Amino acid sequence: MARVAERNGKLLFDFTYMGIRCREQTILEDTKENRNKLNMVLKKILAKIELGIFEYREYFPNSKTADKIEQMDLKRRRIQGSATPSFEEVAEKWFKNMEPTWRSSTASGYRNYYEKRILPFWEGKEVSGITRQDILEFRSDIAKHTNENTGNRLDPATVNKTLKIFRMIINEAADEYEFTSPYRNIQMLKEPKKEIHPFNLEEVHQIIDHIQPEFRIYVLVRFFTGLRTGEVNGLRWKNVDFDNRVIKVRETYSEQSGFQYTKNDSSQRDVQMSALVYEALKTHFDLHYFGNDEQTVFTKPETSGPVHSNNFRCRAWKTVLKQLGIEYRSPYQSRHTYCCLLLAAGENATWVARQMGHTSTEMIFTTYGRFVPNLTRQDGSAFESLMKEKTSVANSITPQLPAMIGESEATFNEAMLETDFVLNDKEVNHG
């Protein structure tokens, strides 16, 4: 028997569905008008039950009874062979199919996002039963999560990446099991524009001069080649071409994944060495090459293995910035610094894009646009002129490079300070 009843002065629905007595409390006061409204709703519910089209959660989305009914219905349909798998079953199959196409770092990253943020919400849910409203609730739930390291809410980029992984899984399931994907018209969170904060040339000189000696040429190369962290850490002597004065970027290295293919195809490139970088690497070669072309150019002092990113950042980078009173920025800003120096020197944006490993100038103009004063040169000569202006930087630094291992490199300091071009704080803090 179905009825609208009263409990503690509030109205509730009382009816039977799939052999279960369902009592769903409302917040409506027990009045004649409210009873009439709920009786009309109850008639619609009973009609849909009779027709076999009643969706419990459509009327009672947060009901615990809805969870119980859905589990019963899923078991029934599985017995009949008409049910689709659970979300986690589909996700595991998707990972198995996709992992051979990913870099190991990508696979481990996706897996981490899935296990920490996606699976806890969807575990046990039949994949074809996921609705658009469920996804909106999932987005809201993820946005409330906190970063375990900082305690702050997850940033929009992290939320969006989580949604993208979920979207790939559910869309793949929809294709395989022939249902309409519920992931439609779901808006991503707005991500604030990432600001770059390059160092000015005086700060560059100070960092190179004062950082721990074993990292001095390593930092110099980072600042004046724009190599990504994994690219410079994974650079082997076989890919340093002194004859043609280029660094061949062919692989990347991380502590988690070891040596791997570069970030993408466009990252496979030849980076031209300025005179400064050429002389620095020649000196480093004389001191640290032991006849093995497979050896990385820069090594961790304790083990002679590749530089460990966290070790370098905590042990040397943070220390020197604090010592110099320079605002902390990640080592990756050395890449932005190099790009800004090239553009401010007047190098052609297309040539700069190739040096940086971008497929087009789009990112150059959107990220560094204000640093492009002209488009006249395209061969690196402007950057060489910048570094040599008023002083012969390459000539003056060459004899001193061995001293960089153990003592201050005064000639280099003077050369850097005497160049006219110094980016000031106002210029580099652009949005």
# chains A, B, ... in the order shown; residues from 1 in each chain; ligands from 1

call {"tool": "residues_around", "arguments": {"residues": "Leu220 (chain A)", "least_positions_apart": "4", "cutoff": "12 Å", "atoms": "only C-alpha atoms", "output": "compact mmCIF listing (two decimals) with C-alpha atoms, in the first residue's frame"}}
result
# COMPACT_ATOMS: atom_id res chain seq x y z
CA LEU A 201 70.76 38.87 -16.02
CA VAL A 204 71.71 34.88 -13.26
CA HIS A 205 75.29 36.04 -12.73
CA GLN A 206 74.89 35.98 -8.96
CA ILE A 207 73.41 32.48 -8.91
CA ILE A 208 76.11 31.02 -11.15
CA ASP A 209 78.85 32.70 -9.11
CA HIS A 210 77.59 31.63 -5.68
CA ILE A 211 76.00 28.20 -6.19
CA PRO A 213 80.93 24.63 -7.29
CA GLU A 214 79.88 21.16 -8.43
CA PHE A 215 76.65 22.61 -9.84
CA ARG A 216 78.10 25.78 -11.38
CA PHE A 224 71.85 29.51 -21.47
CA THR A 225 70.30 26.57 -23.35
CA GLY A 226 66.72 26.47 -22.03
CA LEU A 227 66.84 22.70 -21.58
CA VAL A 232 69.63 18.45 -18.99
CA MET A 273 75.57 26.31 -28.16
CA SER A 274 76.58 29.90 -27.61
CA LEU A 276 79.72 30.73 -23.41
CA VAL A 277 78.09 27.30 -23.25
CA TYR A 278 80.57 25.80 -25.69
CA GLU A 279 83.59 26.87 -23.65
CA ALA A 280 81.96 25.82 -20.38
CA LEU A 281 81.13 22.34 -21.68
CA HIS A 284 83.69 20.34 -18.12
CA PHE A 298 76.18 16.17 -15.22
CA PRO A 331 64.82 25.76 -11.39
CA SER A 334 65.94 29.02 -16.02
CA ARG A 335 64.25 27.81 -19.22
CA THR A 337 64.92 33.07 -18.57
CA TYR A 338 66.79 31.78 -21.62
CA LEU A 401 86.45 27.97 -16.10
CA MET A 404 84.94 27.68 -11.21
CA PHE A 412 82.79 36.06 -15.67

call {"tool": "select_by_dssp", "arguments": {"residues": "region 181-265 of chain A", "states": "strand (DSSP E or B)", "output": "ChimeraX atom specification"}}
result
/A:236,240-241,246-249,252-254,258-260

call {"tool": "write_last_selection", "arguments": {"atoms": "N, CA and C atoms", "output": "compact mmCIF listing (two decimals), in the first residue's frame"}}
result
# COMPACT_ATOMS: atom_id res chain seq x y z
N ARG A 236 73.68 13.06 -22.31
CA ARG A 236 74.88 12.22 -22.31
C ARG A 236 75.92 12.84 -23.24
N VAL A 240 76.48 15.57 -27.12
CA VAL A 240 77.11 16.89 -27.14
C VAL A 240 78.05 16.93 -28.35
N ASP A 241 77.65 17.66 -29.37
CA ASP A 241 78.41 17.72 -30.63
C ASP A 241 79.25 18.99 -30.64
N VAL A 246 76.41 21.99 -31.16
CA VAL A 246 74.99 21.79 -30.83
C VAL A 246 74.87 20.73 -29.74
N ILE A 247 73.81 20.86 -28.97
CA ILE A 247 73.41 19.84 -28.00
C ILE A 247 72.22 19.11 -28.62
N LYS A 248 72.36 17.81 -28.79
CA LYS A 248 71.29 17.02 -29.39
C LYS A 248 70.36 16.51 -28.29
N VAL A 249 69.17 17.05 -28.24
CA VAL A 249 68.20 16.62 -27.24
C VAL A 249 67.47 15.40 -27.79
N THR A 252 65.18 12.07 -22.18
CA THR A 252 64.99 12.78 -20.92
C THR A 252 65.17 11.79 -19.77
N TYR A 253 65.42 12.31 -18.57
CA TYR A 253 65.66 11.43 -17.43
C TYR A 253 64.89 11.92 -16.21
N SER A 254 64.31 10.98 -15.50
CA SER A 254 63.71 11.29 -14.20
C SER A 254 64.02 10.16 -13.23
N GLY A 258 63.62 6.78 -15.13
CA GLY A 258 64.89 6.56 -15.81
C GLY A 258 64.95 7.31 -17.13
N PHE A 259 65.70 6.79 -18.08
CA PHE A 259 65.85 7.43 -19.39
C PHE A 259 64.66 7.07 -20.27
N GLN A 260 64.11 8.10 -20.91
CA GLN A 260 62.96 7.88 -21.78
C GLN A 260 63.02 8.83 -22.97

call {"tool": "closest_residue", "arguments": {"among": "A:Glu99, A:Glu92, A:Glu191, A:Glu347", "to": "Tyr114 (chain A)", "atoms": "only C-alpha atoms"}}
result
A:Glu92

call {"tool": "residues_around", "arguments": {"residues": "Asn292 (chain A)", "least_positions_apart": "2", "cutoff": "10 Å", "atoms": "only C-alpha atoms", "output": "short mmCIF file (atom, residue, chain, number, x, y, z; two decimals) with N, CA and C atoms, in the first residue's frame"}}
result
data_model
loop_
_atom_site.label_atom_id
_atom_site.label_comp_id
_atom_site.auth_asym_id
_atom_site.auth_seq_id
_atom_site.Cartn_x
_atom_site.Cartn_y
_atom_site.Cartn_z
N ARG A 236 73.68 13.06 -22.31
CA ARG A 236 74.88 12.22 -22.31
C ARG A 236 75.92 12.84 -23.24
N TRP A 237 77.17 12.47 -23.00
CA TRP A 237 78.25 13.04 -23.80
C TRP A 237 78.09 12.73 -25.29
N LYS A 238 77.50 11.60 -25.61
CA LYS A 238 77.33 11.24 -27.03
C LYS A 238 76.44 12.23 -27.77
N TYR A 289 85.03 13.87 -18.35
CA TYR A 289 84.79 12.79 -19.31
C TYR A 289 85.80 11.68 -19.10
N PHE A 290 85.29 10.47 -18.95
CA PHE A 290 86.17 9.33 -18.64
C PHE A 290 86.08 8.25 -19.73
N GLU A 294 78.24 7.11 -23.03
CA GLU A 294 76.92 6.91 -22.44
C GLU A 294 76.79 7.64 -21.10
N GLN A 295 77.88 8.09 -20.56
CA GLN A 295 77.87 8.78 -19.27
C GLN A 295 77.12 10.10 -19.40
N THR A 296 76.34 10.44 -18.37
CA THR A 296 75.66 11.73 -18.39
C THR A 296 76.68 12.85 -18.16
#

call {"tool": "closest_residue", "arguments": {"among": "A:Cys314, A:Ile130, A:Met40, A:Met72", "to": "Ile20 (chain A)", "atoms": "only C-alpha atoms"}}
result
A:Met72

call {"tool": "residues_around", "arguments": {"residues": "region 116-121 of chain A", "least_positions_apart": "6", "cutoff": "9 Å", "atoms": "only C-alpha atoms", "output": "PDB file with N, CA and C atoms, in the first residue's frame"}}
result
ATOM      1  N   PHE A  87      32.496   0.309 -12.855  1.00  0.00           N
ATOM      2  CA  PHE A  87      33.433   1.316 -13.356  1.00  0.00           C
ATOM      3  C   PHE A  87      34.872   0.845 -13.214  1.00  0.00           C
ATOM      4  N   GLU A  88      35.221   0.225 -12.075  1.00  0.00           N
ATOM      5  CA  GLU A  88      36.610  -0.168 -11.872  1.00  0.00           C
ATOM      6  C   GLU A  88      37.035  -1.282 -12.830  1.00  0.00           C
ATOM      7  N   ALA A  91      37.748   0.533 -16.031  1.00  0.00           N
ATOM      8  CA  ALA A  91      38.959   1.345 -15.891  1.00  0.00           C
ATOM      9  C   ALA A  91      40.211   0.476 -15.995  1.00  0.00           C
ATOM     10  N   PHE A 138      30.632  14.583  -8.951  1.00  0.00           N
ATOM     11  CA  PHE A 138      32.034  14.156  -8.883  1.00  0.00           C
ATOM     12  C   PHE A 138      32.962  15.359  -9.035  1.00  0.00           C
ATOM     13  N   ASP A 141      32.921  17.239  -5.875  1.00  0.00           N
ATOM     14  CA  ASP A 141      33.638  16.501  -4.828  1.00  0.00           C
ATOM     15  C   ASP A 141      35.145  16.671  -4.978  1.00  0.00           C
ATOM     16  N   ILE A 142      35.651  16.533  -6.202  1.00  0.00           N
ATOM     17  CA  ILE A 142      37.086  16.654  -6.441  1.00  0.00           C
ATOM     18  C   ILE A 142      37.568  18.058  -6.102  1.00  0.00           C
ATOM     19  N   HIS A 145      38.690  18.488  -2.586  1.00  0.00           N
ATOM     20  CA  HIS A 145      39.844  17.743  -2.077  1.00  0.00           C
ATOM     21  C   HIS A 145      40.996  18.698  -1.771  1.00  0.00           C
ATOM     22  N   THR A 162      42.081  15.415 -13.521  1.00  0.00           N
ATOM     23  CA  THR A 162      41.307  14.295 -12.991  1.00  0.00           C
ATOM     24  C   THR A 162      40.075  14.045 -13.840  1.00  0.00           C
ATOM     25  N   LEU A 163      39.385  15.121 -14.205  1.00  0.00           N
ATOM     26  CA  LEU A 163      38.189  14.990 -15.038  1.00  0.00           C
ATOM     27  C   LEU A 163      38.528  14.429 -16.413  1.00  0.00           C
ATOM     28  N   ILE A 165      40.958  12.368 -17.241  1.00  0.00           N
ATOM     29  CA  ILE A 165      41.211  10.928 -17.145  1.00  0.00           C
ATOM     30  C   ILE A 165      39.893  10.173 -17.025  1.00  0.00           C
ATOM     31  N   PHE A 166      38.995  10.681 -16.165  1.00  0.00           N
ATOM     32  CA  PHE A 166      37.689  10.053 -16.027  1.00  0.00           C
ATOM     33  C   PHE A 166      36.940  10.066 -17.355  1.00  0.00           C
TER      34      PHE A 166
END

call {"tool": "residues_around", "arguments": {"residues": "Ile186 (chain A)", "least_positions_apart": "5", "cutoff": "12 Å", "atoms": "only C-alpha atoms", "output": "number ranges by chain"}}
result
A: 131-140, 160, 163-164, 166-167, 181

call {"tool": "atom_distance", "arguments": {"atom1": "CA of Phe95 (chain A)", "atom2": "CA of Asn171 (chain A)"}}
result
13.5 Å

call {"tool": "closest_residue", "arguments": {"among": "A:Arg7, A:Val352, A:Met1, A:Phe242", "to": "Gly19 (chain A)", "atoms": "only C-alpha atoms"}}
result
A:Met1

call {"tool": "atom_distance", "arguments": {"atom1": "CA of Leu343 (chain A)", "atom2": "CA of Thr229 (chain A)"}}
result
21.2 Å

call {"tool": "residues_around", "arguments": {"residues": "Arg313 (chain A)", "least_positions_apart": "6", "cutoff": "12 Å", "atoms": "only C-alpha atoms", "output": "list of chain:residue names"}}
result
A:Ile211, A:Gln212, A:Phe215, A:Val219, A:Thr229, A:Val307, A:Thr319, A:Val320, A:Leu321, A:Tyr328, A:Arg329, A:Ser330, A:Pro331, A:Tyr332

call {"tool": "residues_around", "arguments": {"residues": "Glu55 (chain A)", "least_positions_apart": "4", "cutoff": "10 Å", "atoms": "only C-alpha atoms", "output": "count of residues only"}}
result
9

call {"tool": "select_by_dssp", "arguments": {"residues": "region 25-93 of chain A", "states": "helix (DSSP H, G or I)", "output": "ChimeraX atom specification"}}
result
/A:32-51,56-59,64-80,87-93

call {"tool": "write_last_selection", "arguments": {"atoms": "N, CA and C atoms", "output": "short mmCIF file (atom, residue, chain, number, x, y, z; two decimals), in the first residue's frame"}}
result
data_model
loop_
_atom_site.label_atom_id
_atom_site.label_comp_id
_atom_site.auth_asym_id
_atom_site.auth_seq_id
_atom_site.Cartn_x
_atom_site.Cartn_y
_atom_site.Cartn_z
N LYS A 32 -2.63 20.43 4.32
CA LYS A 32 -3.47 19.88 3.26
C LYS A 32 -2.86 20.14 1.89
N GLU A 33 -2.36 21.35 1.69
CA GLU A 33 -1.79 21.72 0.41
C GLU A 33 -0.57 20.86 0.08
N ASN A 34 0.30 20.66 1.07
CA ASN A 34 1.49 19.84 0.84
C ASN A 34 1.14 18.37 0.62
N ARG A 35 0.12 17.90 1.32
CA ARG A 35 -0.31 16.50 1.12
C ARG A 35 -0.80 16.30 -0.31
N ASN A 36 -1.55 17.28 -0.82
CA ASN A 36 -2.05 17.18 -2.20
C ASN A 36 -0.89 17.13 -3.20
N LYS A 37 0.13 17.96 -2.97
CA LYS A 37 1.29 17.99 -3.86
C LYS A 37 2.01 16.64 -3.87
N LEU A 38 2.24 16.08 -2.67
CA LEU A 38 2.97 14.82 -2.58
C LEU A 38 2.15 13.65 -3.10
N ASN A 39 0.83 13.71 -2.95
CA ASN A 39 -0.02 12.64 -3.49
C ASN A 39 0.05 12.62 -5.02
N MET A 40 0.17 13.79 -5.63
CA MET A 40 0.31 13.86 -7.08
C MET A 40 1.64 13.24 -7.51
N VAL A 41 2.71 13.54 -6.74
CA VAL A 41 4.01 12.96 -7.04
C VAL A 41 3.97 11.45 -6.87
N LEU A 42 3.31 11.01 -5.80
CA LEU A 42 3.23 9.58 -5.53
C LEU A 42 2.50 8.84 -6.66
N LYS A 43 1.45 9.45 -7.21
CA LYS A 43 0.73 8.83 -8.32
C LYS A 43 1.65 8.65 -9.53
N LYS A 44 2.52 9.63 -9.80
CA LYS A 44 3.46 9.52 -10.91
C LYS A 44 4.46 8.40 -10.66
N ILE A 45 4.91 8.29 -9.40
CA ILE A 45 5.85 7.22 -9.05
C ILE A 45 5.22 5.86 -9.29
N LEU A 46 3.99 5.68 -8.81
CA LEU A 46 3.31 4.39 -8.95
C LEU A 46 3.04 4.06 -10.41
N ALA A 47 2.75 5.09 -11.21
CA ALA A 47 2.51 4.86 -12.64
C ALA A 47 3.79 4.39 -13.33
N LYS A 48 4.89 5.00 -12.98
CA LYS A 48 6.18 4.60 -13.59
C LYS A 48 6.59 3.21 -13.13
N ILE A 49 6.27 2.87 -11.87
CA ILE A 49 6.57 1.53 -11.39
C ILE A 49 5.77 0.51 -12.19
N GLU A 50 4.53 0.83 -12.45
CA GLU A 50 3.65 -0.06 -13.21
C GLU A 50 4.15 -0.27 -14.63
N LEU A 51 4.71 0.81 -15.22
CA LEU A 51 5.21 0.74 -16.59
C LEU A 51 6.64 0.19 -16.67
N TYR A 56 14.58 5.20 -9.32
CA TYR A 56 14.47 5.61 -7.92
C TYR A 56 15.27 6.88 -7.64
N ARG A 57 16.51 6.92 -8.15
CA ARG A 57 17.38 8.06 -7.83
C ARG A 57 16.92 9.35 -8.49
N GLU A 58 16.10 9.23 -9.53
CA GLU A 58 15.56 10.44 -10.17
C GLU A 58 14.71 11.23 -9.18
N TYR A 59 14.01 10.53 -8.32
CA TYR A 59 13.15 11.19 -7.34
C TYR A 59 13.84 11.37 -5.99
N LYS A 64 19.70 6.43 0.72
CA LYS A 64 20.43 5.19 0.95
C LYS A 64 19.67 4.00 0.37
N THR A 65 18.36 4.12 0.35
CA THR A 65 17.54 3.07 -0.24
C THR A 65 17.83 2.94 -1.73
N ALA A 66 18.12 4.08 -2.38
CA ALA A 66 18.46 4.06 -3.81
C ALA A 66 19.70 3.22 -4.05
N ASP A 67 20.69 3.34 -3.18
CA ASP A 67 21.91 2.54 -3.30
C ASP A 67 21.58 1.05 -3.22
N LYS A 68 20.72 0.69 -2.26
CA LYS A 68 20.35 -0.72 -2.06
C LYS A 68 19.60 -1.25 -3.27
N ILE A 69 18.70 -0.46 -3.80
CA ILE A 69 17.90 -0.89 -4.95
C ILE A 69 18.78 -1.05 -6.19
N GLU A 70 19.70 -0.11 -6.38
CA GLU A 70 20.58 -0.20 -7.54
C GLU A 70 21.46 -1.45 -7.48
N GLN A 71 21.93 -1.81 -6.28
CA GLN A 71 22.73 -3.02 -6.14
C GLN A 71 21.90 -4.26 -6.44
N MET A 72 20.66 -4.28 -5.99
CA MET A 72 19.77 -5.40 -6.26
C MET A 72 19.49 -5.51 -7.76
N ASP A 73 19.25 -4.36 -8.37
CA ASP A 73 18.94 -4.35 -9.81
C ASP A 73 20.15 -4.81 -10.62
N LEU A 74 21.34 -4.38 -10.18
CA LEU A 74 22.56 -4.77 -10.89
C LEU A 74 22.76 -6.28 -10.80
N LYS A 75 22.55 -6.86 -9.62
CA LYS A 75 22.69 -8.31 -9.46
C LYS A 75 21.70 -9.05 -10.35
N ARG A 76 20.46 -8.53 -10.39
CA ARG A 76 19.44 -9.16 -11.21
C ARG A 76 19.83 -9.14 -12.69
N ARG A 77 20.30 -7.99 -13.16
CA ARG A 77 20.64 -7.87 -14.58
C ARG A 77 21.90 -8.65 -14.92
N ARG A 78 22.81 -8.79 -13.96
CA ARG A 78 24.00 -9.60 -14.21
C ARG A 78 23.62 -11.06 -14.37
N ILE A 79 22.67 -11.51 -13.57
CA ILE A 79 22.19 -12.88 -13.70
C ILE A 79 21.56 -13.08 -15.07
N GLN A 80 20.86 -12.04 -15.54
CA GLN A 80 20.19 -12.11 -16.84
C GLN A 80 21.15 -11.84 -18.00
N PHE A 87 32.50 0.31 -12.85
CA PHE A 87 33.43 1.32 -13.36
C PHE A 87 34.87 0.85 -13.21
N GLU A 88 35.22 0.23 -12.07
CA GLU A 88 36.61 -0.17 -11.87
C GLU A 88 37.03 -1.28 -12.83
N GLU A 89 36.09 -2.15 -13.22
CA GLU A 89 36.42 -3.18 -14.20
C GLU A 89 36.76 -2.56 -15.55
N VAL A 90 35.95 -1.59 -15.95
CA VAL A 90 36.19 -0.90 -17.21
C VAL A 90 37.49 -0.12 -17.16
N ALA A 91 37.75 0.53 -16.03
CA ALA A 91 38.96 1.35 -15.89
C ALA A 91 40.21 0.48 -16.00
N GLU A 92 40.20 -0.69 -15.35
CA GLU A 92 41.36 -1.57 -15.40
C GLU A 92 41.62 -2.06 -16.82
N LYS A 93 40.55 -2.35 -17.53
CA LYS A 93 40.69 -2.78 -18.93
C LYS A 93 41.26 -1.65 -19.78
#
